[in-house]
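Structure file work-v9.csv with CSV, C-alpha atoms:
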```
chain,number,residue,atom,x,y,z
A,30,MET,CA,117.0,70.7,65.2
A,31,GLN,CA,113.9,71.6,67.1
A,32,TYR,CA,113.8,74.6,69.4
A,33,LYS,CA,111.6,75.9,72.2
A,34,GLU,CA,111.9,79.3,74.0
A,35,PRO,CA,113.9,80.2,75.8
A,36,LEU,CA,116.6,79.0,73.4
A,37,GLU,CA,119.6,77.7,75.3
A,38,LEU,CA,123.1,78.5,74.1
A,39,MET,CA,126.6,78.5,75.6
A,40,GLY,CA,129.2,81.2,74.8
A,41,VAL,CA,131.6,83.7,76.2
A,42,PRO,CA,131.9,87.6,75.7
A,43,GLY,CA,135.1,87.4,73.7
A,44,SER,CA,133.6,85.2,70.9
A,45,PRO,CA,132.5,87.3,67.9
A,46,TYR,CA,130.1,84.5,66.9
A,47,THR,CA,128.5,84.4,70.3
A,48,ARG,CA,128.0,88.2,70.1
A,49,LYS,CA,126.6,87.9,66.6
A,50,MET,CA,124.0,85.4,67.7
A,51,LEU,CA,123.0,87.2,70.9
A,52,ALA,CA,122.5,90.5,69.1
A,53,LEU,CA,120.4,88.6,66.4
A,54,LEU,CA,118.2,87.0,69.1
A,55,ARG,CA,117.6,90.3,70.8
A,56,TYR,CA,116.6,91.9,67.5
A,57,ARG,CA,114.4,88.9,66.7
A,58,ARG,CA,112.8,89.1,70.2
A,59,ILE,CA,113.4,85.4,70.7
A,60,GLN,CA,113.8,84.5,74.3
A,61,TYR,CA,117.1,82.9,75.2
A,62,LYS,CA,119.3,81.7,78.1
A,63,LEU,CA,123.1,82.2,77.8
A,64,LEU,CA,124.9,79.4,79.7
A,65,PRO,CA,128.4,80.3,80.9
A,66,GLY,CA,131.2,78.7,78.9
A,67,LEU,CA,134.6,77.5,80.1
A,68,ARG,CA,137.3,76.8,77.5
A,69,GLY,CA,134.7,76.0,74.8
A,70,GLN,CA,132.7,73.8,77.1
A,71,LEU,CA,129.8,74.3,79.5
A,72,ARG,CA,131.1,75.2,83.0
A,73,SER,CA,131.5,72.2,85.1
A,74,GLU,CA,129.2,72.8,88.1
A,75,PRO,CA,126.9,69.8,88.3
A,76,ASP,CA,124.7,71.2,91.1
A,77,ARG,CA,124.1,74.4,89.0
A,78,TYR,CA,124.3,73.2,85.4
A,79,ARG,CA,123.2,69.8,84.1
A,80,GLU,CA,125.4,67.9,81.8
A,81,ARG,CA,124.9,68.6,78.1
A,82,PRO,CA,125.8,66.8,74.9
A,83,GLN,CA,129.0,67.9,73.1
A,84,PRO,CA,129.0,69.1,69.5
A,85,LYS,CA,131.1,67.2,66.9
A,86,VAL,CA,133.4,70.2,66.8
A,87,PRO,CA,133.4,72.3,70.0
A,88,LEU,CA,132.9,75.9,68.8
A,89,LEU,CA,131.2,79.0,70.2
A,90,PRO,CA,128.4,79.6,70.5
A,91,THR,CA,126.9,76.1,71.1
A,92,PHE,CA,123.1,75.8,70.8
A,93,TYR,CA,121.2,73.0,72.5
A,94,GLY,CA,117.9,71.6,71.1
A,95,THR,CA,116.4,68.3,70.3
A,96,ASP,CA,116.3,66.0,67.2
A,97,GLU,CA,113.1,64.5,65.8
A,98,ALA,CA,113.3,61.7,68.3
A,99,GLY,CA,113.5,64.1,71.2
A,100,ASN,CA,117.2,63.5,72.0
A,101,GLU,CA,119.1,66.6,73.1
A,102,ILE,CA,121.8,67.6,70.6
A,103,ALA,CA,124.4,70.4,70.4
A,104,ILE,CA,125.2,72.4,67.2
A,105,CYS,CA,127.5,75.4,66.5
A,106,ASP,CA,127.4,76.7,63.0
A,107,SER,CA,125.7,80.1,63.1
A,108,THR,CA,124.9,80.4,59.4
A,109,PRO,CA,122.5,77.5,59.0
A,110,LEU,CA,121.2,78.1,62.5
A,111,ILE,CA,120.0,81.6,61.5
A,112,ARG,CA,118.2,80.2,58.5
A,113,GLU,CA,116.5,77.5,60.6
A,114,LEU,CA,115.4,80.2,63.1
A,115,ASP,CA,113.9,82.3,60.2
A,116,THR,CA,111.7,79.3,59.3
A,117,GLU,CA,110.8,78.6,62.9
A,118,TYR,CA,110.2,82.2,63.9
A,119,PRO,CA,109.2,84.1,60.7
A,120,THR,CA,108.5,87.4,62.5
A,121,ARG,CA,111.4,89.9,62.1
A,122,ALA,CA,113.3,87.5,59.8
A,123,VAL,CA,116.9,88.4,58.9
A,124,ILE,CA,117.0,86.7,55.4
A,125,PRO,CA,115.5,88.9,52.7
A,126,GLU,CA,112.6,87.4,50.8
A,127,ASN,CA,114.0,88.5,47.4
A,128,PRO,CA,116.2,85.5,46.5
A,129,LEU,CA,118.8,87.8,44.8
A,130,LEU,CA,119.1,90.1,47.8
A,131,ALA,CA,119.2,87.0,50.0
A,132,LEU,CA,122.3,85.7,48.0
A,133,ILE,CA,124.0,89.1,48.3
A,134,ASN,CA,123.3,88.9,52.0
A,135,SER,CA,124.8,85.4,52.2
A,136,VAL,CA,128.0,86.5,50.4
A,137,ILE,CA,128.5,89.4,52.8
A,138,GLU,CA,127.8,87.2,55.8
A,139,ASP,CA,130.3,84.7,54.6
A,140,TYR,CA,132.9,87.4,54.0
A,141,ALA,CA,132.4,88.7,57.6
A,142,ASP,CA,132.5,85.2,59.2
A,143,GLU,CA,135.4,83.9,57.2
A,144,TRP,CA,137.5,86.8,55.9
A,145,LEU,CA,137.0,89.7,58.4
A,146,THR,CA,137.7,87.3,61.2
A,147,LYS,CA,141.2,87.0,59.7
A,148,ALA,CA,141.7,90.7,60.6
A,149,MET,CA,140.3,90.1,64.1
A,150,PHE,CA,142.6,87.2,64.8
A,151,HIS,CA,145.6,88.9,63.2
A,152,TYR,CA,145.4,92.1,65.2
A,153,ARG,CA,144.6,90.3,68.5
A,154,TRP,CA,147.5,88.0,68.4
A,155,THR,CA,150.2,90.0,66.5
A,156,TYR,CA,150.5,93.3,68.3
A,157,PRO,CA,151.8,93.4,71.9
A,158,PRO,CA,149.1,95.7,73.4
A,159,ASP,CA,146.4,93.5,71.9
A,160,ILE,CA,148.1,90.3,73.1
A,161,LYS,CA,148.5,91.7,76.6
A,162,LYS,CA,144.8,92.7,76.8
A,163,ALA,CA,143.5,89.5,75.4
A,164,GLY,CA,145.8,87.5,77.7
A,165,GLN,CA,144.4,89.4,80.7
A,166,MET,CA,140.7,89.2,79.9
A,167,LEU,CA,140.1,85.8,78.2
A,168,PRO,CA,140.9,83.7,81.3
A,169,ARG,CA,138.9,86.1,83.5
A,170,TRP,CA,135.8,85.8,81.3
A,171,ALA,CA,136.0,82.1,81.9
A,172,ASN,CA,136.4,82.3,85.7
A,173,ILE,CA,136.4,85.6,87.4
A,174,ASN,CA,137.1,84.0,90.8
A,175,SER,CA,140.4,82.3,90.1
A,176,PRO,CA,143.5,83.4,92.0
A,177,GLU,CA,145.6,86.0,90.3
A,178,ALA,CA,148.6,83.7,89.7
A,179,THR,CA,146.2,81.2,88.0
A,180,MET,CA,144.9,83.9,85.8
A,181,ARG,CA,148.3,85.0,84.7
A,182,GLU,CA,149.4,81.4,83.9
A,183,ARG,CA,146.2,80.7,82.0
A,184,GLY,CA,146.6,84.0,80.1
A,185,ARG,CA,150.1,82.9,79.1
A,186,GLN,CA,148.8,79.5,77.9
A,187,ILE,CA,146.0,81.0,75.9
A,188,SER,CA,148.2,83.6,74.3
A,189,GLU,CA,150.8,81.0,73.3
A,190,LEU,CA,148.2,78.7,71.9
A,191,GLN,CA,146.4,81.4,69.8
A,192,ILE,CA,149.6,82.9,68.5
A,193,SER,CA,150.6,79.4,67.3
A,194,ARG,CA,147.3,79.1,65.4
A,195,LEU,CA,147.8,82.3,63.4
A,196,ARG,CA,149.2,80.2,60.5
A,197,TYR,CA,145.8,78.3,60.3
A,198,VAL,CA,143.9,81.6,60.0
A,199,GLY,CA,146.3,82.9,57.4
A,200,SER,CA,148.1,85.6,59.3
A,201,ASN,CA,151.9,85.7,58.7
A,202,GLU,CA,154.6,88.1,57.6
A,203,ILE,CA,153.7,87.5,53.9
A,204,THR,CA,149.9,88.1,54.3
A,205,LYS,CA,150.2,90.9,57.0
A,206,LYS,CA,150.0,93.8,54.5
A,207,THR,CA,147.0,92.3,52.6
A,208,ILE,CA,145.0,91.7,55.8
A,209,GLU,CA,145.6,95.2,57.2
A,210,SER,CA,145.0,97.1,53.9
A,211,SER,CA,141.9,95.1,53.3
A,212,PHE,CA,140.6,95.8,56.8
A,213,LEU,CA,141.3,99.5,56.4
A,214,ARG,CA,139.5,99.7,53.0
A,215,PHE,CA,136.5,97.8,54.4
A,216,ILE,CA,135.9,100.0,57.4
A,217,LYS,CA,136.2,103.1,55.2
A,218,LEU,CA,133.7,101.7,52.7
A,219,LEU,CA,131.3,100.7,55.5
A,220,ASP,CA,131.6,104.2,57.0
A,221,ALA,CA,130.7,105.7,53.7
A,222,HIS,CA,127.8,103.3,53.2
A,223,LEU,CA,126.4,104.2,56.6
A,224,THR,CA,126.2,107.9,55.8
A,225,SER,CA,123.0,107.1,53.9
A,226,ASN,CA,122.0,103.6,55.0
A,227,THR,CA,121.1,102.4,58.4
A,228,PHE,CA,122.2,98.8,57.6
A,229,LEU,CA,124.0,97.0,54.8
A,230,LEU,CA,120.9,96.1,52.7
A,231,GLY,CA,118.7,99.1,53.5
A,232,MET,CA,116.7,100.2,56.5
A,233,ARG,CA,116.4,96.8,58.2
A,234,PRO,CA,119.2,94.5,59.5
A,235,ALA,CA,119.9,91.3,57.8
A,236,SER,CA,122.1,88.4,58.9
A,237,CYS,CA,125.1,90.0,57.2
A,238,ASP,CA,124.8,93.0,59.5
A,239,PHE,CA,125.0,90.7,62.6
A,240,ALA,CA,128.0,88.9,61.1
A,241,VAL,CA,129.9,92.1,60.5
A,242,TYR,CA,128.9,93.3,63.9
A,243,GLY,CA,130.2,90.2,65.6
A,244,GLN,CA,133.7,90.7,64.2
A,245,LEU,CA,133.6,94.4,65.0
A,246,THR,CA,132.8,93.7,68.7
A,247,CYS,CA,136.4,92.7,68.8
A,248,LEU,CA,137.9,95.0,66.2
A,249,ALA,CA,136.1,98.1,67.3
A,250,LEU,CA,135.2,97.6,70.9
A,251,PHE,CA,137.9,95.5,72.4
A,252,ASP,CA,141.3,95.1,70.7
A,253,PRO,CA,143.4,98.3,71.0
A,254,THR,CA,145.2,98.4,67.7
A,255,PRO,CA,142.2,98.0,65.3
A,256,GLN,CA,140.1,100.1,67.6
A,257,SER,CA,142.5,103.0,67.2
A,258,ILE,CA,142.3,102.6,63.4
A,259,ILE,CA,138.5,102.6,63.4
A,260,LEU,CA,138.3,105.6,65.7
A,261,GLU,CA,140.7,107.5,63.4
A,262,PHE,CA,139.4,106.5,60.0
A,263,ALA,CA,135.8,105.3,60.5
A,264,PRO,CA,134.3,106.5,63.8
A,265,ARG,CA,130.8,106.0,62.4
A,266,VAL,CA,131.6,102.3,62.3
A,267,TYR,CA,132.4,102.3,66.0
A,268,ALA,CA,129.1,104.0,66.8
A,269,TRP,CA,127.2,101.6,64.5
A,270,THR,CA,128.7,98.6,66.3
A,271,GLU,CA,127.4,99.9,69.6
A,272,VAL,CA,124.0,100.5,68.2
A,273,MET,CA,123.8,97.0,66.7
A,274,GLU,CA,124.2,95.3,70.1
A,275,ASP,CA,120.6,95.7,71.0
A,276,LEU,CA,118.0,96.3,68.3
A,277,SER,CA,115.1,94.7,70.3
A,278,GLY,CA,113.3,98.0,70.2
A,279,PHE,CA,113.9,98.7,66.5
A,280,GLU,CA,110.6,98.7,64.6
A,281,ILE,CA,110.5,97.6,61.0
A,282,LEU,CA,108.4,98.6,58.0
A,283,ASP,CA,107.3,96.5,55.0
A,284,ASP,CA,109.6,98.4,52.5
A,285,ASP,CA,112.7,98.5,54.7
A,286,TRP,CA,114.4,96.0,52.4
A,287,PRO,CA,114.4,97.3,48.9
A,288,PHE,CA,113.4,95.5,45.7
A,289,GLY,CA,110.6,93.3,47.0
A,290,SER,CA,110.2,90.5,44.5
A,291,ARG,CA,111.3,92.6,41.5
A,292,PRO,CA,113.5,90.8,38.9
A,293,ALA,CA,117.3,91.2,38.8
A,294,GLU,CA,117.4,93.7,36.0
A,295,GLU,CA,115.4,96.1,38.1
A,296,LEU,CA,117.7,95.9,41.1
A,297,GLU,CA,119.5,99.2,41.7
A,298,LEU,CA,122.0,98.7,44.5
A,299,PRO,CA,123.4,101.8,46.0
A,300,LYS,CA,127.0,102.6,44.9
A,301,THR,CA,128.3,102.4,48.4
A,302,LEU,CA,127.0,98.8,48.6
A,303,LEU,CA,128.5,97.9,45.2
A,304,ASP,CA,131.8,99.3,46.5
A,305,ILE,CA,131.7,97.0,49.5
A,306,LEU,CA,130.9,94.0,47.2
A,307,LEU,CA,133.8,95.1,44.9
A,308,GLU,CA,136.1,94.9,47.8
A,309,ILE,CA,134.8,91.4,48.6
A,310,GLY,CA,135.3,90.5,45.0
A,311,LYS,CA,139.0,91.7,45.0
A,312,THR,CA,140.0,90.0,48.3
A,313,TYR,CA,137.8,87.2,49.6
A,314,ILE,CA,136.7,85.7,46.3
A,315,PRO,CA,140.2,85.0,45.0
A,316,TYR,CA,141.1,83.5,48.3
A,317,LEU,CA,138.0,81.2,48.3
A,318,LEU,CA,138.7,80.0,44.8
A,319,ALA,CA,142.4,79.4,45.5
A,320,ASN,CA,141.5,77.5,48.7
A,321,GLU,CA,139.1,75.3,46.6
A,322,GLN,CA,141.9,74.5,44.2
A,323,ALA,CA,144.4,73.7,46.9
A,324,ILE,CA,141.9,71.3,48.6
A,325,LYS,CA,140.9,69.6,45.4
A,326,SER,CA,144.6,69.1,44.5
A,327,ASN,CA,145.4,67.8,48.0
A,328,LYS,CA,148.0,70.5,48.5
A,329,ASP,CA,149.5,71.2,51.9
A,330,LEU,CA,150.0,74.9,51.2
A,331,LEU,CA,147.7,77.5,49.5
A,332,LYS,CA,149.6,80.0,47.3
A,333,THR,CA,147.9,82.7,45.4
A,334,GLU,CA,147.9,86.5,44.8
A,335,ILE,CA,145.4,88.9,46.3
A,336,GLU,CA,145.5,92.5,45.1
A,337,GLY,CA,148.9,91.9,43.5
A,338,LEU,CA,150.4,90.6,46.8
A,339,GLU,CA,151.4,87.0,47.6
A,340,TRP,CA,149.1,85.1,49.9
A,341,VAL,CA,150.3,81.9,51.6
A,342,GLN,CA,148.6,79.8,54.2
A,343,LYS,CA,147.4,76.2,55.0
A,344,PRO,CA,144.2,75.3,53.1
A,345,PHE,CA,141.0,75.6,55.1
A,346,PRO,CA,138.5,72.8,54.5
A,347,TYR,CA,135.6,74.5,56.3
A,348,GLN,CA,135.9,77.5,53.9
A,349,PHE,CA,135.6,75.1,51.0
A,350,LYS,CA,132.3,74.0,52.6
A,351,CYS,CA,131.2,77.7,52.8
A,352,LEU,CA,131.9,78.1,49.1
A,353,GLN,CA,129.7,75.0,48.3
A,354,THR,CA,126.9,76.5,50.4
A,355,LEU,CA,127.0,79.7,48.4
A,356,ARG,CA,126.9,77.8,45.2
A,357,ASP,CA,124.0,75.7,46.4
A,358,GLU,CA,122.1,78.9,47.1
A,359,PHE,CA,122.9,80.2,43.6
A,360,GLN,CA,121.7,77.0,42.0
A,361,GLN,CA,118.3,77.4,43.7
A,362,LEU,CA,117.7,80.6,41.6
A,363,SER,CA,115.9,80.3,38.4
A,364,ILE,CA,117.9,80.5,35.1
A,365,GLU,CA,116.8,84.1,34.6
A,366,GLN,CA,117.7,85.0,38.1
A,367,ARG,CA,121.2,83.5,37.7
A,368,LYS,CA,121.7,85.5,34.5
A,369,GLY,CA,120.5,88.6,36.2
A,370,PHE,CA,122.8,88.1,39.2
A,371,LYS,CA,125.8,87.7,37.0
A,372,ASN,CA,125.0,90.8,35.0
A,373,ILE,CA,124.7,92.8,38.2
A,374,PHE,CA,128.1,91.8,39.3
A,375,LEU,CA,129.9,91.7,36.0
A,376,GLY,CA,133.4,93.0,36.6
A,377,ILE,CA,133.0,93.1,40.3
A,378,GLY,CA,134.4,89.5,40.9
A,379,ILE,CA,131.4,88.1,42.9
A,380,SER,CA,130.0,86.3,39.9
A,381,GLU,CA,133.3,84.4,39.5
A,382,LEU,CA,132.2,82.3,42.4
A,383,PHE,CA,129.4,80.8,40.3
A,384,ASP,CA,131.2,80.3,37.0
```
Rewrite the coordinates I just gave you, this time as structure tokens.
Amino acid sequence: MQYKEPLELMGVPGSPYTRKMLALLRYRRIQYKLLPGLRGQLRSEPDRYRERPQPKVPLLPTFYGTDEAGNEIAICDSTPLIRELDTEYPTRAVIPENPLLALINSVIEDYADEWLTKAMFHYRWTYPPDIKKAGQMLPRWANINSPEATMRERGRQISELQISRLRYVGSNEITKKTIESSFLRFIKLLDAHLTSNTFLLGMRPASCDFAVYGQLTCLALFDPTPQSIILEFAPRVYAWTEVMEDLSGFEILDDDWPFGSRPAEELELPKTLLDILLEIGKTYIPYLLANEQAIKSNKDLLKTEIEGLEWVQKPFPYQFKCLQTLRDEFQQLSIEQRKGFKNIFLGIGISELFD
């Protein structure tokens, strides 16, 4: 996709992926225009907003650009978009130059986008205070001017739809404890990491920071139940989320990302980052591998164990695609880099993705 500034995208405040990309664009100092969304589509006001193409799968945010023939197209997936933007706008890039650090970044970004979002969706549509707040606000974000009766009915419809979709995300009575305990461990580990690191990979934000931030805009800043947990156990995470929203004035230095081009055997990751990666290895990696096997076996139900607890949900084809993307990035490493990567994460669980 070809871009020109200001980039044009459509999204809504309640979308963690919209917030992820807006914060990233502000940090990158890339000009953009946020077009108002309505139920996953561009608001229908032909005198104000021209008609746009629809993406294959309508997700938020939707970016608009042109193909090589000059035809306008719409795309949604934030992960490849970020990497395209790094190529198009190399200043203040968010993918580390060191290929090993870049792969670590990709693993954490994928964890945030595909596992931490389970906690976001679970809390929002499981607990009554969260359901009530989301039911009130989501329809108002789409159309502030609607009559109150319309807002209430639309809020009821949204709530019923999203609650019915919990099974697709993996939130149910069987998985509840795993989701909530994993979330609590992660915010405590992130809180500990932030005591001596400004961002996940050092003193400069990477795409994984914006992915985690996107989910935390819901978990820390909006939904009452996870917000109260974060304020009690990890208040530094709440503050970090607020700071991440606008890093347009944050200046970077050449050595803000550690390691440069040094080989794998010389990488010394801080213990607090290794602890976060160990958590990913104990929770998200077993899920990804079980999801892969369920899809390859054409099973209607994914069943596995995570941290000694049963996990049951419908297989998720998109997350199989995410696994393949991570493996493709691993294969782009040299043989020595692959060996080094596996040695770093021996016993942590991350390297099992690439066996």
Inset, instruction - Return the single residue from A:Leu219, A:Val136, A:Ile324, A:Ile192 that is closest to A:Gly378, with distances computed using only C-alpha atoms. - result: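 The shortest atom-to-atom distance to A:Gly378 comes from A:Val136.
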Legend entry - Test item: residues at most 10 Å from A:Pro299, all atoms listed in the file, excluding those fewer than 6 positions along its chain, as JSON, numbers by chain: {"A": [222, 225, 226, 230, 231]}
Mind dumping the selected residues with C-alpha atoms as a compact mmCIF listing (two decimals), in the frame of the given file?
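Below is the file out_36.txt, written as the result:
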```txt
# COMPACT_ATOMS: atom_id res chain seq x y z
CA HIS A 222 127.80 103.30 53.20
CA SER A 225 123.00 107.10 53.90
CA ASN A 226 122.00 103.60 55.00
CA LEU A 230 120.90 96.10 52.70
CA GLY A 231 118.70 99.10 53.50
```
Inset, instruction - Tell me which protein, DNA and RNA residues are within 8 Å of A:Phe370, counting all atoms listed in the file, leaving out same-chain ones fewer than 4 positions away, and put them as a VMD selection string. - result: chain A and resid 129 293 366 374 380
Legend entry - Using all atoms listed in the file: which of A:Gly66, A:Ser73, A:Leu298, A:Glu34 has the shortest distance to A:Arg169: A:Gly66
Report as a tab-separated table: every residue of stretch 129-245 of chain A with an atom at most 12 Å from stretch 49-58 of chain A, its closest pair of atoms, and their distance in Å to one decimal, counting all atoms listed in the file, with rows sorted by chain and ascending residue number.
```
residue	atom	partner	partner_atom	distance
A:Glu138	CA	A:Lys49	CA	10.9
A:Ala141	CA	A:Lys49	CA	10.7
A:Asp142	CA	A:Lys49	CA	9.8
A:Arg233	CA	A:Tyr56	CA	10.5
A:Pro234	CA	A:Tyr56	CA	8.8
A:Ala235	CA	A:Leu53	CA	9.0
A:Ser236	CA	A:Leu53	CA	7.7
A:Cys237	CA	A:Lys49	CA	9.7
A:Asp238	CA	A:Lys49	CA	8.9
A:Phe239	CA	A:Lys49	CA	5.1
A:Ala240	CA	A:Lys49	CA	5.8
A:Val241	CA	A:Lys49	CA	8.1
A:Tyr242	CA	A:Lys49	CA	6.5
A:Gly243	CA	A:Lys49	CA	4.4
A:Gln244	CA	A:Lys49	CA	8.0
A:Leu245	CA	A:Lys49	CA	9.7
```
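The residue set within 9 Å of stretch 350-356 of chain A, counting only C-alpha atoms and dropping same-chain residues fewer than 2 places from it, reads Leu132, Ser135, Val136, Asp139, Glu143, Leu317, Leu318, Glu321, Pro346, Tyr347, Gln348, Glu358, Phe359, Gln360, Gln361, Leu382 and Phe383 of chain A.
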Legend entry - Pick from A:Tyr61, A:Phe279, A:Tyr316, A:Trp340 nearest to A:Tyr140, counting all atoms listed in the file: A:Tyr316
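When atom CA of A:Val41 is paired with atom CA of A:Asn172, their separation reads 10.7 Å.
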Legend entry - Within 10 Å of A:Leu213 using only C-alpha atoms, minus same-chain residues under 6 positions, as a PyMOL selection string: chain A and resi 148+207+255+258-259+262-263
Legend entry - Length of the atom CA of A:Asp252 to atom CA of A:Asp159 vector [Å]: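 According to the coordinates, atom CA of A:Asp252 and atom CA of A:Asp159 are separated by 5.5 Å.
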Inset, instruction - Please determine the residues with any atom at most 10 Å from (133.8, 93.5, 71.2) (coordinates as given in the file, with all atoms listed in the file counting) and report them as a VMD selection string. - result: chain A and resid 42 to 45 48 242 to 252 256 270 to 271 274
Legend entry - Atomic separation - atom CA of A:Arg265 relative to atom CA of A:Thr224, Å: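 Atom CA of A:Arg265 lies 8.3 Å from atom CA of A:Thr224.
Every residue within 8 Å of the file position (147.4, 72.2, 53.2), judged by all atoms listed in the file, is given as Ala323, Ile324, Asn327, Lys328, Asp329, Leu330, Leu331, Gln342, Lys343, Pro344 and Phe345 of chain A.
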Inset, instruction - Pick out the residues sitting within 12 Å of A:Asp283, and hand them over as a PyMOL selection string; count only C-alpha atoms, and ignore anything fewer than 6 positions along from it in its own chain. - result: chain A and resi 120-122+125-126+231-233+289
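Each of A:Pro264, A:Gly164, A:Val341, A:Leu88 was compared to A:Ser200 using all atoms listed in the file, and A:Val341 turns out to be the nearest.
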